[in-house]
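Everything on this sheet refers to the single structure shown next.
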Amino acid sequence: MTGIFAIHWQWLLAIVLMGLMVYTTRFSGLLLMRGVEVKGRMKAELDAVPPSVLTAVIAPTVFMTGHAETIAAVLTAVVAVFRAPLLVTILTGVVSVVALRGLGV
Amino acid sequence: MSAIVYTGASQFVAIDMWREPLPIILLVVTTLGVSMRHVLMSASIARHLSPIKKAWHPFIIYFLTDEAWAIAERRALVRPLTLGYFLGVAVPLWPTWFLSSALGAFLGKALGDPAVIGLDFAFAAMFIAILVGFWKGPRTGAVIAASAIAAVLGKLNLPGPWFIMLGGITGVVVAVLVHEEREA
């Protein structure tokens, strides 16, 4: 009984510390930017963060998984360019990836 | 765990490392590494939070997931962020996340492989949809191309999710380069 209890105490500690790390990274950007005037080069940098990070997150899925994923990604982007609602765009990606995998692409 | 360590990426990595005796320090350091992208994300969202009272910032930033951040950044292109909008986008995700984590833990393998119905691609599809909204011409193309190439190279050569930082920072560096070119 004590054994299991001791193990779970460690689990809790690990989880709380990990949560603290995540929160620290999320909060540090706010601290970093406190009192910084955003213009010129700084603005260009910050403007680039969303497209750049979004791309980096999905690049392995899109380019390194298989042809089905790459083609589905292109189809999704085309639908998105035509300003389809978010849900329609996501469904396009999901349906086309299933279809393409089904075709053995 | 899903309620406190509110980020998918770190949890997946941590589950891989979960053994007895628990490598707590390794877990904590790895979580820090996996979460470094949040520094970029919160720095970029910071300037859009000015319409929201400062006292709220430490609270709402807890809910800054990749998804909430992406949607909030997209919204900020069109109109100023409000407290209501941010909370509405970000907070419902939180119980959804840990309740569905719990559900998944109970149902487990009975659910089968999510790839069969393409659910594994839904996240990428959503990010593509949001990404398209950030298009502002060829300079955005340069940022995206640089980030994609760096992320793929990073995925091949770096451990864990460091490819995100590599791609993210490469894209920003390219943005600065093309920015100065334009002004010169």
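A note on labels: chains of the structure tokens are A, B, ... as shown, every chain counts residues from 1, and ligands are counted from 1 in their shown order.
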
*Excluding Ile164 in chain B and residues on its chain fewer than 3 positions from it, collect all residues at most 6 Å away from it, counting only C-alpha atoms, and give them as a PyMOL selection string.*
(chain A and resi 56-57) or (chain B and resi 161+167-168)

*Identify, on the basis of only C-alpha atoms, every residue whose closest approach to range 81-94 of chain A does not exceed 6 Å; exclude the query and any residue fewer than 3 positions from it along the same chain; express the result as a list in words.*
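Once the nearby chain positions are removed, what remains is Ala72, Thr76, Val78 and Val97 of chain A; Gly118, Phe121, Ala122, Ala125 and Met126 of chain B.
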
_When you look at Ala68 in chain A with a cut-off of 12 Å (counting only C-alpha atoms), what residues show up, excluding the ones that are within fewer than 3 positions of it in the same chain? I need them as a PyMOL selection string._
(chain A and resi 61-65+71-75+93-105) or (chain B and resi 118+121)

*Using only C-alpha atoms, determine which residues lie at most 9 Å from Val152 in chain B, disregarding the query and same-chain residues fewer than 2 positions distant; provide the list as a list in words.*
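Listing them by chain and then by number gives Ala56, Ala59, Pro60, Phe63 and Met64 of chain A; Ser147, Ala148, Ile149, Ala150, Gly154, Lys155, Leu156, Asn157, Phe163 and Gly167 of chain B.
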
*Taking into account only C-alpha atoms, which residue in the set A:Ile58, A:Gly40, A:Thr70, A:Gly35 is nearest to chain B?*
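Closest candidate: A:Ile58.
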
*From a DSSP calculation on the backbone, collect every residue of chain A in helix (DSSP H, G or I) and output the set as number ranges by chain.*
A: 2-33, 40-64, 67-81, 86-102

*Skip Gly88 in chain B itself and residues of its chain fewer than 4 positions away, then list as a list in words all residues within 12 Å of it, counting only C-alpha atoms.*
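These residues fall inside the cut-off: Ile60, Phe63, Ala68, Ile71, Ala72, Leu81, Thr82, Leu83, Gly84, Pro92, Leu93 and Trp94 of chain B.
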
*asked:* Nearest residue to Ser2 in chain B out of B:Met36, B:Ala43, B:Leu64, B:Leu99, using only C-alpha atoms?
replied: B:Leu99

*Between B:Val91, B:Ala151, B:Ala70, B:Val78, which is the closest to Phe123 in chain B once you count only C-alpha atoms?*
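The answer is B:Ala70, which sits nearest to Phe123 in chain B.
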
_Which residues are close to range 73-76 of chain B, i.e. within 10 Å by only C-alpha atoms, leaving aside same-chain residues fewer than 2 positions away? Reply as a PyMOL selection string._
(chain A and resi 47+49-51) or (chain B and resi 41+44-45+47-49+67-71+78-82+85-86+130-134)

_Just checking: using only C-alpha atoms, which residue out of A:Val79, A:Ala48, A:Met21, A:Ala14 ends up closest to Tyr62 in chain B?_
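Smallest distance to Tyr62 in chain B is found for A:Met21.
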
_Non-local contacts of Thr25 in chain A (8 Å; only C-alpha atoms; under 5 positions in same chain excluded) as a count of residues only_ = 6
